[in-house]
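Student: Supplied structure: input20.txt, compact mmCIF, C-alpha atoms.
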# COMPACT_ATOMS: atom_id res chain seq x y z
CA MET A 1 0.00 0.00 0.00
CA ASN A 2 2.86 2.38 0.88
CA LYS A 3 4.57 1.75 -2.44
CA ILE A 4 1.41 2.09 -4.54
CA TRP A 5 0.38 5.28 -2.77
CA ALA A 6 3.80 6.90 -3.05
CA LEU A 7 4.14 5.94 -6.71
CA LEU A 8 0.72 7.19 -7.82
CA MET A 9 0.95 10.37 -5.72
CA LEU A 10 4.41 11.23 -7.04
CA ALA A 11 3.48 10.55 -10.64
CA SER A 12 0.34 12.69 -10.34
CA ILE A 13 2.11 15.57 -8.58
CA ILE A 14 5.00 15.65 -11.07
CA LEU A 15 2.55 15.68 -13.99
CA LEU A 16 0.55 18.44 -12.32
CA ILE A 17 3.68 20.57 -11.80
CA PHE A 18 4.08 20.65 -15.58
CA THR A 19 0.44 20.98 -16.54
CA ASN A 20 -1.44 22.82 -13.81
CA PRO A 21 0.56 23.49 -10.62
CA SER A 22 -2.04 25.78 -9.07
CA ALA A 23 -4.60 22.96 -9.08
CA LEU A 24 -2.56 20.77 -6.74
CA VAL A 25 -3.48 22.22 -3.37
CA THR A 26 -7.06 23.03 -4.38
CA GLU A 27 -7.60 19.47 -5.59
CA MET A 28 -6.17 17.99 -2.40
CA THR A 29 -8.21 20.25 -0.14
CA GLU A 30 -11.38 19.74 -2.13
CA SER A 31 -11.09 15.96 -2.10
CA ALA A 32 -10.40 15.95 1.66
CA MET A 33 -13.51 18.07 2.12
CA GLY A 34 -15.40 15.54 0.05
CA VAL A 35 -14.24 12.91 2.53
CA ILE A 36 -15.76 14.95 5.37
CA ASN A 37 -19.12 14.76 3.60
CA LEU A 38 -18.63 11.05 3.01
CA CYS A 39 -17.70 10.51 6.66
CA VAL A 40 -20.73 12.42 7.94
CA GLU A 41 -22.82 10.11 5.76
CA LEU A 42 -20.90 7.09 7.02
CA VAL A 43 -21.43 8.04 10.69
CA ALA A 44 -25.17 8.01 10.03
CA VAL A 45 -25.17 4.83 7.97
CA TYR A 46 -22.86 2.91 10.33
CA ALA A 47 -24.89 4.08 13.34
CA ILE A 48 -27.98 2.45 11.85
CA TRP A 49 -26.22 -0.77 10.88
CA LEU A 50 -24.18 -1.05 14.07
CA GLY A 51 -27.43 -0.60 16.00
CA ILE A 52 -29.18 -3.30 13.99
CA LEU A 53 -26.15 -5.58 14.23
CA GLU A 54 -26.15 -5.19 18.00
CA ILE A 55 -29.78 -6.35 18.04
CA VAL A 56 -28.87 -9.29 15.77
CA ASP A 57 -26.11 -10.14 18.21
CA LYS A 58 -28.35 -9.91 21.30
CA THR A 59 -31.03 -12.14 19.81
CA GLY A 60 -28.43 -14.86 19.42
CA LEU A 61 -28.99 -14.91 15.66
CA SER A 62 -25.34 -14.14 15.00
CA GLU A 63 -24.35 -17.25 16.98
CA LYS A 64 -26.75 -19.33 14.90
CA LEU A 65 -25.34 -17.82 11.73
CA ALA A 66 -21.81 -18.48 12.96
CA LYS A 67 -22.69 -22.10 13.71
CA LEU A 68 -24.15 -22.50 10.24
CA LEU A 69 -21.08 -21.05 8.50
CA SER A 70 -18.44 -22.27 10.92
CA PRO A 71 -17.34 -25.37 8.94
CA LEU A 72 -16.58 -23.13 5.96
CA ILE A 73 -14.96 -20.40 8.08
CA ARG A 74 -12.84 -22.90 10.02
CA PHE A 75 -11.62 -24.37 6.74
CA LEU A 76 -10.85 -21.02 5.09
CA PHE A 77 -9.45 -19.09 8.05
CA LYS A 78 -7.98 -21.92 10.18
CA THR A 79 -9.43 -20.44 13.36
CA ASN A 80 -11.45 -21.75 16.29
CA ASP A 81 -12.02 -18.43 18.04
CA PRO A 82 -15.82 -18.12 18.39
CA GLU A 83 -15.68 -14.30 18.32
CA ILE A 84 -13.71 -14.25 15.05
CA ILE A 85 -16.02 -16.85 13.49
CA LYS A 86 -19.04 -14.77 14.51
CA MET A 87 -17.63 -11.55 13.01
CA ILE A 88 -16.62 -13.24 9.76
CA ALA A 89 -20.04 -14.95 9.52
CA MET A 90 -21.78 -11.58 9.88
CA ASN A 91 -19.35 -9.98 7.43
CA MET A 92 -19.93 -12.67 4.79
CA SER A 93 -23.70 -12.70 5.12
CA SER A 94 -23.96 -8.88 5.01
CA ASN A 95 -21.90 -8.88 1.82
CA ILE A 96 -24.05 -11.59 0.23
CA LEU A 97 -27.21 -9.63 1.09
CA GLY A 98 -25.71 -6.51 -0.48
CA VAL A 99 -25.40 -4.50 2.74
CA GLY A 100 -21.77 -3.51 2.39
CA ASN A 101 -22.25 -0.88 5.08
CA ALA A 102 -23.04 -3.57 7.65
CA ALA A 103 -20.20 -5.76 6.36
CA THR A 104 -17.49 -3.13 6.89
CA PRO A 105 -17.70 -2.75 10.71
CA CYS A 106 -17.74 -6.56 11.10
CA GLY A 107 -14.78 -6.92 8.75
CA ILE A 108 -12.80 -4.30 10.66
CA LYS A 109 -13.50 -6.08 13.96
CA ALA A 110 -12.57 -9.48 12.52
CA MET A 111 -9.28 -8.10 11.17
CA LYS A 112 -8.50 -6.56 14.56
CA LEU A 113 -9.14 -9.89 16.30
CA MET A 114 -7.01 -11.83 13.80
CA ASP A 115 -4.06 -9.43 14.15
CA ASP A 116 -1.01 -11.15 15.63
CA LYS A 117 0.81 -7.82 16.15
CA SER A 118 3.63 -8.93 13.86
CA GLY A 119 3.03 -6.06 11.43
CA LYS A 120 2.51 -8.55 8.62
CA ALA A 121 -0.80 -9.65 7.13
CA THR A 122 -1.48 -13.26 8.16
CA PRO A 123 -2.87 -15.80 5.65
CA ALA A 124 -6.27 -15.58 7.40
CA MET A 125 -6.33 -11.78 7.03
CA ILE A 126 -5.49 -12.03 3.34
CA MET A 127 -8.23 -14.63 2.94
CA LEU A 128 -10.74 -12.24 4.53
CA LEU A 129 -9.71 -9.49 2.12
CA VAL A 130 -10.12 -11.81 -0.88
CA VAL A 131 -13.46 -13.12 0.41
CA ASN A 132 -14.64 -9.51 0.66
CA ALA A 133 -13.25 -8.56 -2.73
CA THR A 134 -14.97 -11.49 -4.46
CA SER A 135 -18.14 -11.82 -2.40
CA ILE A 136 -21.17 -13.60 -3.84
CA GLN A 137 -23.99 -11.09 -4.37
CA LEU A 138 -27.58 -12.19 -3.99
CA LEU A 139 -29.13 -8.71 -3.85
CA PRO A 140 -27.14 -5.97 -5.62
CA THR A 141 -29.39 -3.34 -4.00
CA THR A 142 -27.54 -0.15 -4.97
CA THR A 143 -27.12 -1.18 -8.60
CA ILE A 144 -30.80 -2.17 -8.91
CA GLY A 145 -31.74 1.21 -7.41
CA LEU A 146 -29.57 3.06 -9.91
CA ARG A 147 -31.00 1.01 -12.79
CA THR A 148 -34.54 1.87 -11.69
CA ALA A 149 -33.59 5.55 -11.48
CA ALA A 150 -32.09 5.39 -14.98
CA GLY A 151 -35.41 4.11 -16.35
CA SER A 152 -34.55 0.47 -17.00
CA VAL A 153 -37.31 -1.77 -18.41
CA SER A 154 -36.32 -4.54 -15.98
CA PRO A 155 -33.92 -3.31 -13.30
CA THR A 156 -33.70 -6.74 -11.65
CA ASP A 157 -32.66 -8.32 -14.96
CA ILE A 158 -29.03 -8.34 -13.78
CA MET A 159 -29.63 -10.36 -10.60
CA ILE A 160 -29.06 -13.81 -12.12
CA PRO A 161 -25.99 -12.79 -14.17
CA THR A 162 -24.57 -11.06 -11.05
CA LEU A 163 -25.18 -14.16 -8.93
CA VAL A 164 -23.57 -16.46 -11.51
CA ALA A 165 -20.59 -14.16 -12.15
CA THR A 166 -19.94 -13.44 -8.45
CA PHE A 167 -20.23 -17.13 -7.60
CA ILE A 168 -17.61 -18.08 -10.22
CA THR A 169 -15.37 -15.21 -9.05
CA ALA A 170 -15.69 -16.21 -5.39
CA VAL A 171 -14.76 -19.83 -6.13
CA PHE A 172 -11.83 -18.65 -8.26
CA GLY A 173 -10.60 -16.17 -5.62
CA ILE A 174 -10.80 -18.60 -2.71
CA SER A 175 -9.13 -21.45 -4.62
CA LEU A 176 -6.34 -19.18 -5.85
CA THR A 177 -5.72 -17.90 -2.30
CA LEU A 178 -5.67 -21.43 -0.86
CA LEU A 179 -3.29 -22.50 -3.60
CA ILE A 180 -0.88 -19.60 -2.99
CA GLN A 181 -0.97 -20.14 0.75
CA ARG A 182 -0.16 -23.82 0.26
CA VAL A 183 2.83 -22.98 -1.93
CA PHE A 184 4.10 -20.42 0.60
CA LYS A 185 3.74 -22.91 3.45
CA ARG A 186 5.68 -25.57 1.58
CA ARG A 187 8.46 -23.09 0.80
CA LYS A 188 8.69 -22.09 4.44
CA LYS A 189 8.91 -25.73 5.52
CA LYS A 190 11.64 -26.35 3.01
CA SER A 191 13.68 -23.42 4.28
CA LEU A 192 13.23 -24.61 7.87
CA PHE A 193 14.47 -28.10 7.09
CA PRO A 194 17.02 -27.65 4.31
CA THR A 195 18.01 -30.82 2.54
CA ILE A 196 21.71 -31.34 3.36
CA MET B 1 -34.25 -6.01 3.29
CA PRO B 2 -37.19 -4.11 4.89
CA VAL B 3 -38.94 -7.44 5.53
CA LEU B 4 -35.79 -8.85 7.12
CA ILE B 5 -35.47 -5.86 9.45
CA ALA B 6 -39.14 -6.09 10.43
CA ALA B 7 -38.71 -9.82 11.13
CA LEU B 8 -35.65 -9.06 13.23
CA MET B 9 -37.50 -6.46 15.32
CA LEU B 10 -40.40 -8.87 15.90
CA TYR B 11 -38.04 -11.69 16.82
CA ALA B 12 -36.14 -9.41 19.24
CA ARG B 13 -39.44 -8.37 20.92
CA PHE B 14 -40.42 -12.02 21.12
CA LYS B 15 -37.11 -12.75 22.86
CA LYS B 16 -37.87 -9.90 25.33
CA ILE B 17 -34.86 -7.82 24.30
CA GLU B 18 -34.76 -4.10 25.11
CA THR B 19 -34.37 -3.20 21.44
CA TYR B 20 -34.10 0.55 22.05
CA ASN B 21 -31.23 0.28 24.54
CA VAL B 22 -29.41 -2.32 22.47
CA PHE B 23 -29.73 -0.28 19.27
CA VAL B 24 -28.37 2.84 20.98
CA LYS B 25 -25.48 0.86 22.43
CA GLY B 26 -24.51 -0.41 18.98
CA ALA B 27 -25.00 2.91 17.21
CA LYS B 28 -22.70 4.61 19.72
CA GLY B 29 -19.69 2.90 18.16
CA SER B 30 -20.25 4.60 14.83
CA VAL B 31 -18.65 7.99 15.53
CA ASN B 32 -15.42 6.48 16.85
CA LEU B 33 -15.23 3.98 14.02
CA VAL B 34 -15.53 6.69 11.38
CA LEU B 35 -13.08 8.97 13.24
CA ASP B 36 -10.56 6.11 13.23
CA ILE B 37 -10.85 5.39 9.53
CA PHE B 38 -11.11 9.05 8.43
CA PRO B 39 -7.36 9.68 7.80
CA PHE B 40 -7.12 6.49 5.75
CA ILE B 41 -10.01 7.52 3.53
CA VAL B 42 -8.48 10.98 3.09
CA ALA B 43 -5.22 9.43 1.88
CA ILE B 44 -7.04 7.31 -0.71
CA MET B 45 -9.38 10.06 -1.91
CA VAL B 46 -6.59 12.66 -2.26
CA MET B 47 -4.72 10.17 -4.41
CA VAL B 48 -7.76 9.52 -6.62
CA ALA B 49 -8.39 13.27 -7.02
CA LEU B 50 -4.79 13.95 -8.03
CA MET B 51 -4.76 11.02 -10.45
CA ARG B 52 -7.83 12.45 -12.15
CA ALA B 53 -6.60 16.08 -12.18
CA SER B 54 -3.18 15.16 -13.55
CA GLY B 55 -4.64 13.09 -16.35
CA ILE B 56 -2.97 9.87 -15.18
CA THR B 57 -6.36 8.18 -15.06
CA ASP B 58 -6.99 8.97 -18.74
CA MET B 59 -3.49 7.84 -19.66
CA LEU B 60 -3.98 4.56 -17.82
CA ILE B 61 -7.30 4.03 -19.60
CA ASP B 62 -5.60 4.55 -22.98
CA ILE B 63 -2.84 2.12 -22.08
CA LEU B 64 -5.14 -0.50 -20.62
CA ALA B 65 -7.94 -0.33 -23.21
CA PRO B 66 -6.26 -2.72 -25.70
CA ILE B 67 -5.50 -5.18 -22.89
CA PHE B 68 -9.09 -4.93 -21.67
CA ASN B 69 -10.33 -5.47 -25.23
CA ALA B 70 -8.21 -8.58 -25.54
CA LEU B 71 -9.83 -9.88 -22.35
CA GLY B 72 -13.31 -9.22 -23.74
CA ILE B 73 -13.97 -6.11 -21.64
CA PRO B 74 -15.66 -3.41 -23.76
CA THR B 75 -13.84 -0.05 -24.01
CA GLU B 76 -16.99 1.76 -22.80
CA VAL B 77 -16.59 0.30 -19.30
CA SER B 78 -12.79 0.64 -18.97
CA GLU B 79 -12.98 3.83 -16.89
CA LEU B 80 -15.33 2.03 -14.49
CA VAL B 81 -13.02 -0.99 -14.28
CA LEU B 82 -10.02 1.25 -13.61
CA LEU B 83 -11.55 3.46 -10.91
CA ARG B 84 -13.71 0.82 -9.21
CA PRO B 85 -10.85 -0.45 -6.96
CA PHE B 86 -10.33 3.05 -5.53
CA THR B 87 -13.70 4.63 -4.93
CA GLY B 88 -17.23 3.38 -4.33
CA SER B 89 -19.09 6.66 -4.75
CA GLY B 90 -16.89 7.57 -7.74
CA SER B 91 -17.60 4.30 -9.50
CA TYR B 92 -21.35 4.68 -8.96
CA ALA B 93 -21.10 8.12 -10.59
CA ILE B 94 -19.35 6.53 -13.59
CA LEU B 95 -22.02 3.80 -13.68
CA LYS B 96 -24.71 6.47 -13.90
CA ASP B 97 -22.79 8.10 -16.79
CA ILE B 98 -22.63 4.76 -18.60
CA TYR B 99 -26.40 4.31 -18.16
CA THR B 100 -27.18 7.73 -19.66
CA THR B 101 -24.60 7.48 -22.48
CA TYR B 102 -25.08 3.86 -23.60
CA GLY B 103 -28.50 2.93 -22.13
CA VAL B 104 -29.39 0.79 -19.10
CA ASP B 105 -30.68 -2.28 -20.90
CA THR B 106 -27.95 -2.52 -23.55
CA TYR B 107 -25.08 -4.98 -23.37
CA VAL B 108 -22.74 -2.25 -22.09
CA GLY B 109 -25.25 -1.13 -19.44
CA ARG B 110 -25.88 -4.67 -18.17
CA CYS B 111 -22.19 -5.49 -18.32
CA ALA B 112 -21.34 -2.44 -16.18
CA SER B 113 -24.08 -3.43 -13.69
CA VAL B 114 -22.69 -6.93 -13.22
CA ILE B 115 -19.12 -5.61 -12.96
CA MET B 116 -20.25 -3.57 -9.94
CA GLY B 117 -21.08 -6.90 -8.26
CA THR B 118 -18.00 -8.88 -9.23
CA SER B 119 -15.49 -6.15 -8.36
CA GLU B 120 -14.86 -4.37 -5.09
CA THR B 121 -13.49 -0.99 -3.97
CA LEU B 122 -10.37 -2.92 -3.16
CA PHE B 123 -7.90 -0.21 -2.12
CA TYR B 124 -10.56 1.44 -0.02
CA VAL B 125 -11.56 -1.83 1.67
CA ALA B 126 -7.93 -2.85 2.22
CA THR B 127 -7.03 0.50 3.84
CA VAL B 128 -10.11 0.56 6.03
CA TYR B 129 -9.98 -3.11 7.05
CA PHE B 130 -6.31 -3.02 7.99
CA SER B 131 -6.53 0.46 9.58
CA GLN B 132 -7.20 -0.96 13.07
CA THR B 133 -4.43 -3.57 12.95
CA SER B 134 -0.65 -3.57 13.35
CA VAL B 135 -0.25 -4.61 9.72
CA LYS B 136 2.24 -2.57 7.71
CA LYS B 137 3.15 -5.26 5.19
CA LEU B 138 0.26 -6.56 3.12
CA SER B 139 2.58 -9.02 1.30
CA TYR B 140 0.71 -10.45 -1.70
CA ALA B 141 -2.78 -9.37 -0.55
CA ILE B 142 -3.33 -6.48 -2.98
CA PRO B 143 -1.99 -8.10 -6.18
CA LEU B 144 -3.94 -11.27 -5.40
CA ALA B 145 -7.22 -9.43 -4.79
CA LEU B 146 -6.63 -7.32 -7.93
CA VAL B 147 -6.17 -10.45 -10.04
CA CYS B 148 -9.45 -11.77 -8.59
CA ASN B 149 -11.22 -8.51 -9.49
CA ILE B 150 -9.94 -8.55 -13.07
CA PHE B 151 -10.98 -12.19 -13.37
CA GLY B 152 -14.40 -11.17 -12.03
CA THR B 153 -14.69 -8.39 -14.62
CA VAL B 154 -13.85 -10.78 -17.46
CA ILE B 155 -16.40 -13.29 -16.14
CA ALA B 156 -19.02 -10.53 -15.80
CA CYS B 157 -18.60 -9.54 -19.47
CA LEU B 158 -18.73 -13.20 -20.50
CA VAL B 159 -21.84 -14.03 -18.44
CA CYS B 160 -23.65 -10.96 -19.79
CA ARG B 161 -23.03 -12.18 -23.30
CA ILE B 162 -24.62 -15.55 -22.51
CA LEU B 163 -27.43 -14.69 -20.08
Show me this structure written as structure tokens.

Tutor:
Amino acid sequence: MNKIWALLMLASIILLIFTNPSALVTEMTESAMGVINLCVELVAVYAIWLGILEIVDKTGLSEKLAKLLSPLIRFLFKTNDPEIIKMIAMNMSSNILGVGNAATPCGIKAMKLMDDKSGKATPAMIMLLVVNATSIQLLPTTTIGLRTAAGSVSPTDIMIPTLVATFITAVFGISLTLLIQRVFKRRKKKSLFPTI
Amino acid sequence: MPVLIAALMLYARFKKIETYNVFVKGAKGSVNLVLDIFPFIVAIMVMVALMRASGITDMLIDILAPIFNALGIPTEVSELVLLRPFTGSGSYAILKDIYTTYGVDTYVGRCASVIMGTSETLFYVATVYFSQTSVKKLSYAIPLALVCNIFGTVIACLVCRIL
């Protein structure tokens, strides 16, 4: 992330120095102000979803959900911590239902719990990122809303293609991650026990 | 979704939960959560704004368009594919543009809709998700997730052609 950010920032700034140097500070300030608006919105949206999630948690529904998904989560994340399993279960199901705003707080909490303080992303953390990046989508709510607003004849027409495409992508993403993690593990073992 | 929330409220009442108190307790965490992730979002958004202002975004689109074409991704959606990893609100704005320019129910319009599902605001999610952890080294996380997103985009274009 550090490298990507530095590279893209530097490239943009250097180009701007030649083309439009006065725009630099205005652009930066304006975009940061845009973030304030976004954050005010996010405070409201997260307040609603965190409130609802707390109710879900209190009813014991999140435990039931965790139990339902725990074989899959145990396999993918190699964890037995009930709190982590619960957070990941809520994160995955929110994503599938198209409520990304409920998924984010759960994802942040799960990442925090999985952190081993080593400063490096663990395989389980990377798996969670991939699972979020490739999530299956049952109800693409925002997109359907935008399609309706744009005057589509059948706004929900994209639900089946989205489900099929996201399902294939999720399977691909998870398998690729498992494969890479297996290769890394084997390499580590080899370096620990060098032959001769 | 509204039905689900109604069902949840009924179920919570049935379980004799003080829904009001519990809701308030959960909602309280929101301000601190957003305060914590605010600087990370600023860093990402400033970068996106500068990339756009400097013209790097357009240059990248020109460079990547032939590659996208080879993968079966139409040129009309390449701006969406390029900016989607960085910004959620930005990519929805581009999606709206695509709808008005090329039509909602055309191949391009449907393709763009499905791409919104198969891809994710990856850099945003990665920054926010890791913001509360000690992680400084993401190792192969970003390239891996990017590959998955590009694969998803290709699949989205393919599925739209069939279904």

Student: Tell me, as a PDB file with C-alpha atoms, in the coordinates of the input, which residues lie within 9 Å of region 54-64 of chain A, counting all atoms listed in the file; anything in the same chain fewer than 4 positions away does not count.

Tutor:
ATOM      1  CA  TRP A  49     -26.220  -0.770  10.880  1.00  0.00           C
ATOM      2  CA  LEU A  50     -24.180  -1.050  14.070  1.00  0.00           C
ATOM      3  CA  LEU A  68     -24.150 -22.500  10.240  1.00  0.00           C
ATOM      4  CA  LEU A  69     -21.080 -21.050   8.500  1.00  0.00           C
ATOM      5  CA  PRO A  82     -15.820 -18.120  18.390  1.00  0.00           C
ATOM      6  CA  LYS A  86     -19.040 -14.770  14.510  1.00  0.00           C
ATOM      7  CA  MET A  87     -17.630 -11.550  13.010  1.00  0.00           C
ATOM      8  CA  ALA A  89     -20.040 -14.950   9.520  1.00  0.00           C
ATOM      9  CA  MET A  90     -21.780 -11.580   9.880  1.00  0.00           C
TER      10      MET A  90
ATOM     11  CA  LEU B   8     -35.650  -9.060  13.230  1.00  0.00           C
ATOM     12  CA  MET B   9     -37.500  -6.460  15.320  1.00  0.00           C
ATOM     13  CA  TYR B  11     -38.040 -11.690  16.820  1.00  0.00           C
ATOM     14  CA  ALA B  12     -36.140  -9.410  19.240  1.00  0.00           C
ATOM     15  CA  LYS B  15     -37.110 -12.750  22.860  1.00  0.00           C
ATOM     16  CA  ILE B  17     -34.860  -7.820  24.300  1.00  0.00           C
ATOM     17  CA  GLU B  18     -34.760  -4.100  25.110  1.00  0.00           C
ATOM     18  CA  THR B  19     -34.370  -3.200  21.440  1.00  0.00           C
ATOM     19  CA  VAL B  22     -29.410  -2.320  22.470  1.00  0.00           C
ATOM     20  CA  PHE B  23     -29.730  -0.280  19.270  1.00  0.00           C
ATOM     21  CA  VAL B  24     -28.370   2.840  20.980  1.00  0.00           C
ATOM     22  CA  LYS B  25     -25.480   0.860  22.430  1.00  0.00           C
ATOM     23  CA  GLY B  26     -24.510  -0.410  18.980  1.00  0.00           C
ATOM     24  CA  ALA B  27     -25.000   2.910  17.210  1.00  0.00           C
TER      25      ALA B  27
END

Student: For chain A, which of B:Asn69, B:Thr75, B:Asn149, B:Ser91 is the closest residue, counting all atoms listed in the file?

Tutor: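 Checking each candidate against chain A, we get B:Asn149 as the closest.
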
Student: In Å, how far is it from CA of Thr29 (chain A) to CA of Leu60 (chain B)?

Tutor: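 If I compute the distance from CA of Thr29 (chain A) to CA of Leu60 (chain B), I get 24.0 Å.
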
Student: So how many Å separate CA of Lys137 (chain B) and CA of Leu33 (chain B), to one decimal?

Tutor: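 Between CA of Lys137 (chain B) and CA of Leu33 (chain B) the gap works out to 22.4 Å.
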
Student: Taking all atoms listed in the file into account and nothing else, which residues of chain A lie no more than 7 Å away from chain B? Please answer as a VMD selection string.

Tutor: chain A and resid 9 12 15 to 16 27 to 28 31 to 32 35 39 42 to 43 46 to 48 50 to 52 54 to 55 59 107 to 108 111 to 112 115 117 to 121 126 129 to 130 133 to 134 137 140 143 147 150 152 158 161 to 162 165 to 166 169 173

Student: Measure the distance from CA of Pro155 (chain A) to CA of Val77 (chain B) in Å and round it to one decimal.

Tutor: 18.7 Å

Student: Measuring atom to atom with only C-alpha atoms, identify which of A:Ser175, A:Asn20, A:Thr122, A:Asn132 is nearest to Phe77 (chain A).

Tutor: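 Among the listed residues, A:Thr122 lies closest to Phe77 (chain A).
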
Student: Can you pull out every residue within 7 Å of region 91-97 of chain A, counting all atoms listed in the file, but drop anything in the same chain fewer than 4 positions away, and send it as a PyMOL selection string?

Tutor: chain A and resi 87+102-103+106-107+135-139

Student: Tell me, as a compact mmCIF listing (two decimals) with C-alpha atoms, in the coordinates of the input, which residues lie within 9 Å of Leu178 (chain A), counting all atoms listed in the file; anything in the same chain fewer than 4 positions away does not count.

Tutor:
# COMPACT_ATOMS: atom_id res chain seq x y z
CA LEU A 76 -10.85 -21.02 5.09
CA MET A 127 -8.23 -14.63 2.94
CA GLY A 173 -10.60 -16.17 -5.62
CA ILE A 174 -10.80 -18.60 -2.71
CA ARG A 182 -0.16 -23.82 0.26
CA VAL A 183 2.83 -22.98 -1.93
